[in-house]
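Visitor: Structure supplied as work-v4.txt; contents: compact mmCIF, C-alpha atoms.
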```txt
# COMPACT_ATOMS: atom_id res chain seq x y z
CA MET Q 1 -3.92 -12.97 20.31
CA PHE Q 2 -0.16 -12.66 20.90
CA ARG Q 3 0.52 -13.63 17.30
CA ARG Q 4 -1.68 -10.83 15.98
CA ARG Q 5 0.21 -8.23 18.00
CA LYS Q 6 3.48 -9.64 16.69
CA THR Q 7 2.47 -9.03 13.06
CA GLN Q 8 0.71 -5.71 13.72
CA ILE Q 9 2.50 -2.71 12.24
CA ALA Q 10 0.14 0.17 12.98
CA GLN Q 11 -3.25 0.91 14.45
CA THR Q 12 -5.53 3.89 13.91
CA GLU Q 13 -8.91 4.87 15.28
CA ARG Q 14 -10.70 2.56 12.83
CA LEU Q 15 -8.01 0.32 11.34
CA THR Q 16 -5.30 -2.24 12.05
CA LEU Q 17 -2.44 -2.66 9.57
CA ARG Q 18 -0.53 -5.92 9.86
CA LEU Q 19 1.44 -8.51 7.95
CA PRO Q 20 -0.60 -11.25 6.25
CA GLU Q 21 -1.16 -14.57 8.02
CA ALA Q 22 -2.25 -17.95 6.68
CA THR Q 23 -5.71 -17.52 8.22
CA ASP Q 24 -6.27 -14.44 6.00
CA PHE Q 25 -6.22 -16.40 2.74
CA THR Q 26 -9.94 -17.02 2.21
CA GLU Q 27 -10.99 -13.49 3.09
CA TRP Q 28 -8.17 -12.02 0.98
CA ALA Q 29 -8.97 -14.21 -2.06
CA ASP Q 30 -12.70 -13.40 -1.76
CA LEU Q 31 -12.04 -9.66 -1.52
CA ARG Q 32 -9.61 -9.69 -4.46
CA ARG Q 33 -12.04 -11.80 -6.54
CA ASP Q 34 -15.06 -9.62 -5.67
CA SER Q 35 -13.10 -6.44 -6.54
CA ALA Q 36 -11.24 -7.81 -9.58
CA GLU Q 37 -13.11 -5.77 -12.19
CA PHE Q 38 -12.84 -2.61 -10.08
CA LEU Q 39 -9.06 -3.05 -9.54
CA ALA Q 40 -8.12 -4.31 -13.03
CA PRO Q 41 -7.61 -0.88 -14.69
CA TRP Q 42 -5.11 0.16 -12.00
CA GLU Q 43 -3.04 -3.00 -11.49
CA PRO Q 44 -0.73 -5.39 -13.37
CA VAL Q 45 -2.32 -8.36 -15.10
CA ARG Q 46 -2.36 -11.26 -12.65
CA ASP Q 47 -1.70 -14.84 -13.69
CA GLY Q 48 -4.07 -17.71 -12.88
CA ALA Q 49 -2.08 -18.69 -9.78
CA TYR Q 50 -2.46 -15.29 -8.12
CA LEU Q 51 -5.53 -16.25 -6.05
CA THR Q 52 -4.27 -19.69 -5.00
CA ARG Q 53 -3.44 -20.67 -1.43
CA ARG Q 54 0.12 -21.55 -2.50
CA SER Q 55 0.67 -18.10 -3.99
CA PHE Q 56 -0.70 -16.49 -0.82
CA GLN Q 57 1.60 -18.64 1.31
CA ASN Q 58 4.55 -17.40 -0.76
CA ARG Q 59 3.31 -13.84 -0.20
CA ILE Q 60 3.32 -14.45 3.58
CA ILE Q 61 6.88 -15.82 3.48
CA TRP Q 62 8.03 -12.84 1.39
CA ALA Q 63 6.20 -10.35 3.66
CA LYS Q 64 7.73 -11.74 6.86
CA ARG Q 65 11.24 -12.01 5.40
CA SER Q 66 11.05 -8.51 3.89
CA ALA Q 67 9.80 -7.02 7.17
CA LYS Q 68 12.56 -8.74 9.13
CA ASP Q 69 15.19 -7.50 6.68
CA ARG Q 70 13.61 -4.01 6.60
CA ARG Q 71 13.19 -4.14 2.82
CA ALA Q 72 9.38 -3.90 2.68
CA LEU Q 73 6.21 -3.89 4.77
CA ASN Q 74 3.40 -5.67 2.96
CA MET Q 75 0.38 -4.96 5.15
CA LEU Q 76 -3.26 -5.91 5.04
CA ILE Q 77 -5.81 -3.39 6.27
CA PHE Q 78 -8.53 -4.53 8.69
CA ARG Q 79 -11.40 -2.62 10.25
CA ARG Q 80 -11.06 -2.67 14.02
CA ASP Q 81 -14.78 -2.79 14.81
CA ASP Q 82 -15.46 -6.08 12.99
CA GLY Q 83 -12.00 -7.35 11.98
CA ARG Q 84 -12.94 -7.32 8.31
CA LEU Q 85 -10.21 -7.20 5.66
CA ILE Q 86 -10.75 -4.17 3.42
CA GLY Q 87 -7.51 -3.68 1.46
CA GLY Q 88 -3.74 -3.61 1.49
CA ILE Q 89 -0.85 -1.18 1.58
CA THR Q 90 2.86 -1.78 1.02
CA LEU Q 91 5.95 0.21 1.86
CA ASP Q 92 8.43 -1.27 -0.61
CA ASN Q 93 12.01 -0.72 -1.76
CA ILE Q 94 12.95 0.51 1.72
CA GLN Q 95 16.42 2.03 1.52
CA GLY Q 96 18.60 3.09 4.42
CA GLY Q 97 21.93 4.84 4.26
CA VAL Q 98 22.05 8.14 2.44
CA SER Q 99 18.75 7.49 0.62
CA LYS Q 100 16.35 6.75 3.51
CA SER Q 101 13.50 6.31 1.04
CA CYS Q 102 10.73 3.93 0.03
CA THR Q 103 7.74 3.63 -2.27
CA VAL Q 104 4.14 3.11 -1.26
CA GLY Q 105 1.42 1.24 -3.10
CA TYR Q 106 -2.12 0.42 -2.03
CA TRP Q 107 -5.42 -1.15 -3.03
CA MET Q 108 -8.89 -1.14 -1.52
CA GLY Q 109 -11.80 -3.51 -1.97
CA GLU Q 110 -14.52 -1.90 -4.06
CA ASN Q 111 -17.14 -1.91 -1.29
CA PHE Q 112 -14.85 -0.01 1.08
CA THR Q 113 -13.88 2.96 -1.09
CA ARG Q 114 -14.92 6.57 -0.45
CA GLN Q 115 -15.12 6.05 3.33
CA GLY Q 116 -11.76 7.55 4.30
CA TYR Q 117 -10.19 4.20 5.11
CA MET Q 118 -7.30 4.48 2.67
CA ALA Q 119 -6.45 8.01 3.80
CA GLU Q 120 -6.31 6.70 7.36
CA ALA Q 121 -4.14 3.72 6.35
CA LEU Q 122 -1.84 5.85 4.20
CA ASN Q 123 -1.34 8.41 6.96
CA ALA Q 124 -0.55 5.64 9.47
CA SER Q 125 1.94 4.10 7.03
CA VAL Q 126 3.62 7.44 6.39
CA GLN Q 127 3.87 8.10 10.13
CA HIS Q 128 5.35 4.61 10.68
CA ALA Q 129 7.86 5.13 7.88
CA PHE Q 130 9.00 8.50 9.19
CA THR Q 131 9.18 7.61 12.89
CA VAL Q 132 9.92 3.87 13.14
CA LEU Q 133 11.79 3.20 9.89
CA ASP Q 134 13.57 6.59 9.85
CA ILE Q 135 12.55 7.21 6.23
CA SER Q 136 12.99 10.72 4.82
CA ARG Q 137 11.23 10.32 1.46
CA ILE Q 138 8.20 8.26 0.43
CA GLN Q 139 7.37 8.11 -3.27
CA ALA Q 140 4.10 7.06 -4.89
CA GLY Q 141 3.06 6.74 -8.51
CA CYS Q 142 -0.37 6.43 -10.08
CA LEU Q 143 -1.94 6.61 -13.49
CA PRO Q 144 -2.64 10.20 -14.58
CA GLU Q 145 -6.37 9.49 -14.97
CA ASN Q 146 -6.72 7.96 -11.51
CA ALA Q 147 -8.28 11.05 -9.95
CA PRO Q 148 -9.26 9.38 -6.63
CA SER Q 149 -5.69 8.15 -6.04
CA ARG Q 150 -4.20 11.52 -6.94
CA ALA Q 151 -6.62 13.28 -4.58
CA LEU Q 152 -5.77 10.81 -1.81
CA LEU Q 153 -2.04 11.42 -2.20
CA GLU Q 154 -2.45 15.20 -2.24
CA LYS Q 155 -4.78 15.11 0.78
CA SER Q 156 -2.19 12.98 2.61
CA GLY Q 157 0.67 15.45 2.15
CA PHE Q 158 2.23 14.05 -1.03
CA LYS Q 159 3.28 16.59 -3.62
CA TYR Q 160 3.34 16.19 -7.38
CA GLU Q 161 6.84 15.86 -8.80
CA GLY Q 162 6.40 14.92 -12.44
CA VAL Q 163 5.72 12.14 -14.91
CA ALA Q 164 7.63 8.87 -15.29
CA GLN Q 165 7.37 7.55 -18.84
CA SER Q 166 6.46 3.85 -19.25
CA TYR Q 167 6.85 3.43 -15.48
CA LEU Q 168 4.89 0.22 -14.85
CA GLN Q 169 2.96 -2.39 -16.78
CA ILE Q 170 -0.67 -1.83 -15.85
CA ALA Q 171 -3.56 -3.80 -17.34
CA GLY Q 172 -1.10 -5.34 -19.80
CA ARG Q 173 0.47 -2.13 -21.15
CA TRP Q 174 3.43 0.02 -20.22
CA ARG Q 175 1.90 3.14 -18.73
CA ASN Q 176 3.11 6.58 -17.74
CA HIS Q 177 2.64 7.46 -14.09
CA VAL Q 178 2.45 10.74 -12.23
CA LEU Q 179 4.90 10.74 -9.35
CA TYR Q 180 4.30 12.15 -5.90
CA ALA Q 181 6.52 12.32 -2.84
CA ASN Q 182 6.06 12.98 0.85
CA LEU Q 183 9.14 14.27 2.65
CA ARG Q 184 9.65 14.06 6.40
CA ARG Q 185 10.88 17.63 6.46
CA ASP Q 186 9.15 19.23 3.50
CA ARG Q 187 10.11 22.82 2.75
CA ARG Q 188 8.72 22.90 -0.78
CA GLY Q 189 5.43 24.56 0.10
CA ARG Q 190 2.04 23.79 -1.37
CA THR Q 191 1.73 22.64 -4.98
CA ASP Q 192 -1.34 23.10 -7.13
```
Show me, as structure tokens, the structure contained in the file I just sent.

Guide:
Amino acid sequence: MFRRRKTQIAQTERLTLRLPEATDFTEWADLRRDSAEFLAPWEPVRDGAYLTRRSFQNRIIWAKRSAKDRRALNMLIFRRDDGRLIGGITLDNIQGGVSKSCTVGYWMGENFTRQGYMAEALNASVQHAFTVLDISRIQAGCLPENAPSRALLEKSGFKYEGVAQSYLQIAGRWRNHVLYANLRRDRRGRTD
């Protein structure tokens, strides 16, 4: 039990967000495999090694090192009532100094969408970034046609800022992304 608290980053009414552990591999691989078709249009193409235990172990090493160095928080999302893994969220490219910024990315298993879990996880991550990490700006990007992700960001206080051309390689192609940002002290007002 002590180990779990050590890797826990945030807790909400229904969720626990924490760093990955070796014991998460099977559940993570099953969830990613079961949701592969659902996630494929929104993610980079994964190589054959992506769902291997060795790759997951490397992910754990990277997650722990990045958290220790305050460069990234790669968190898995678990339901508190049954401990089930339902998705993941990452605060990445954490910058201190004059920037005090980071990016956020997330994914949810297909069977757990449209239940408010990701909004809860995103809000907890934003709160953690602003209060614990002393971040001033959190940026997110998503494909223009990803209406659920855009709605999630807007509902969670992110505001549309523009379009980044050929921003990321998604599903094997360079794709434009719409960019959103959430500012700790936002004076921009509501955007439509």

Visitor: Per residue of region 45-159 of chain Q within 7 Å of region 17-24 of chain Q, note the shortest atom pair and the distance in Å to one decimal, counting only C-alpha atoms, and order the rows by chain and increasing residue number, as a tab-separated table.

Guide:
```
residue	atom	partner	partner_atom	distance
Q:Gln57	CA	Q:Ala22	CA	6.6
Q:Ile60	CA	Q:Pro20	CA	5.7
Q:Ala63	CA	Q:Leu19	CA	6.7
Q:Asn74	CA	Q:Leu19	CA	6.1
Q:Met75	CA	Q:Leu19	CA	4.6
Q:Leu76	CA	Q:Arg18	CA	5.5
Q:Ile77	CA	Q:Leu17	CA	4.8
Q:Phe78	CA	Q:Leu17	CA	6.4
```

Visitor: Generate the output file for the selected residues, C-alpha atoms, as a compact mmCIF listing (two decimals), in the coordinates of the input.

Guide:
```txt
# COMPACT_ATOMS: atom_id res chain seq x y z
CA GLN Q 57 1.60 -18.64 1.31
CA ILE Q 60 3.32 -14.45 3.58
CA ALA Q 63 6.20 -10.35 3.66
CA ASN Q 74 3.40 -5.67 2.96
CA MET Q 75 0.38 -4.96 5.15
CA LEU Q 76 -3.26 -5.91 5.04
CA ILE Q 77 -5.81 -3.39 6.27
CA PHE Q 78 -8.53 -4.53 8.69
```

Visitor: Find the residues of region 68-125 of chain Q that sit at most 10 Å from region 140-162 of chain Q; for each, write down the nearest two atoms and how far apart they are in Å, to one decimal. Count only C-alpha atoms. Sort by chain, then by number going up, and give it as a Markdown table.

Guide:
```
| residue | atom | partner | partner_atom | distance |
| --- | --- | --- | --- | --- |
| Q:Leu91 | CA | Q:Ala140 | CA | 9.8 |
| Q:Cys102 | CA | Q:Ala140 | CA | 8.8 |
| Q:Thr103 | CA | Q:Ala140 | CA | 5.6 |
| Q:Val104 | CA | Q:Ala140 | CA | 5.4 |
| Q:Gly105 | CA | Q:Ala140 | CA | 6.7 |
| Q:Tyr106 | CA | Q:Ser149 | CA | 9.4 |
| Q:Trp107 | CA | Q:Ser149 | CA | 9.8 |
| Q:Thr113 | CA | Q:Pro148 | CA | 9.7 |
| Q:Arg114 | CA | Q:Pro148 | CA | 8.8 |
| Q:Gly116 | CA | Q:Leu152 | CA | 9.2 |
| Q:Met118 | CA | Q:Leu152 | CA | 7.9 |
| Q:Ala119 | CA | Q:Leu152 | CA | 6.3 |
| Q:Glu120 | CA | Q:Ser156 | CA | 8.9 |
| Q:Leu122 | CA | Q:Ser156 | CA | 7.3 |
| Q:Asn123 | CA | Q:Ser156 | CA | 6.4 |
```

Visitor: Please produce an output containing C-alpha atoms for each residue in the selection, written as a JSON list (two decimals), in the coordinates of the input.

Guide:
```json
[["chain", "number", "residue", "atom", "x", "y", "z"],
["Q", 91, "LEU", "CA", 5.95, 0.21, 1.86],
["Q", 102, "CYS", "CA", 10.73, 3.93, 0.03],
["Q", 103, "THR", "CA", 7.74, 3.63, -2.27],
["Q", 104, "VAL", "CA", 4.14, 3.11, -1.26],
["Q", 105, "GLY", "CA", 1.42, 1.24, -3.10],
["Q", 106, "TYR", "CA", -2.12, 0.42, -2.03],
["Q", 107, "TRP", "CA", -5.42, -1.15, -3.03],
["Q", 113, "THR", "CA", -13.88, 2.96, -1.09],
["Q", 114, "ARG", "CA", -14.92, 6.57, -0.45],
["Q", 116, "GLY", "CA", -11.76, 7.55, 4.30],
["Q", 118, "MET", "CA", -7.30, 4.48, 2.67],
["Q", 119, "ALA", "CA", -6.45, 8.01, 3.80],
["Q", 120, "GLU", "CA", -6.31, 6.70, 7.36],
["Q", 122, "LEU", "CA", -1.84, 5.85, 4.20],
["Q", 123, "ASN", "CA", -1.34, 8.41, 6.96]]
```

Visitor: For CA of Pro41 (chain Q) and CA of Gly83 (chain Q), determine how far apart the two atoms are, in Å to one decimal place.

Guide: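 Those two atoms sit 27.8 Å apart.
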
Visitor: Between CA of Gln8 (chain Q) and CA of Asp47 (chain Q), what is the spacing in Å?

Guide: 29.0 Å

Visitor: Pick from Q:Glu110, Q:Ala40, Q:Leu73, Q:Ser66: nearest to His128 (chain Q), with only C-alpha atoms counted?

Guide: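 Comparing Q:Glu110, Q:Ala40, Q:Leu73, Q:Ser66 against His128 (chain Q), the winner is Q:Leu73.
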
Visitor: Find the residues around Thr26 (chain Q) up to 10 Å (all atoms listed in the file counted), leave out those fewer than 5 positions away in its own chain, and share them as a tab-separated table (two decimals) with C-alpha atoms, in the frame of the given file.

Guide:
```
chain	number	residue	atom	x	y	z
Q	31	LEU	CA	-12.04	-9.66	-1.52
Q	32	ARG	CA	-9.61	-9.69	-4.46
Q	51	LEU	CA	-5.53	-16.25	-6.05
Q	52	THR	CA	-4.27	-19.69	-5.00
Q	53	ARG	CA	-3.44	-20.67	-1.43
Q	56	PHE	CA	-0.70	-16.49	-0.82
```
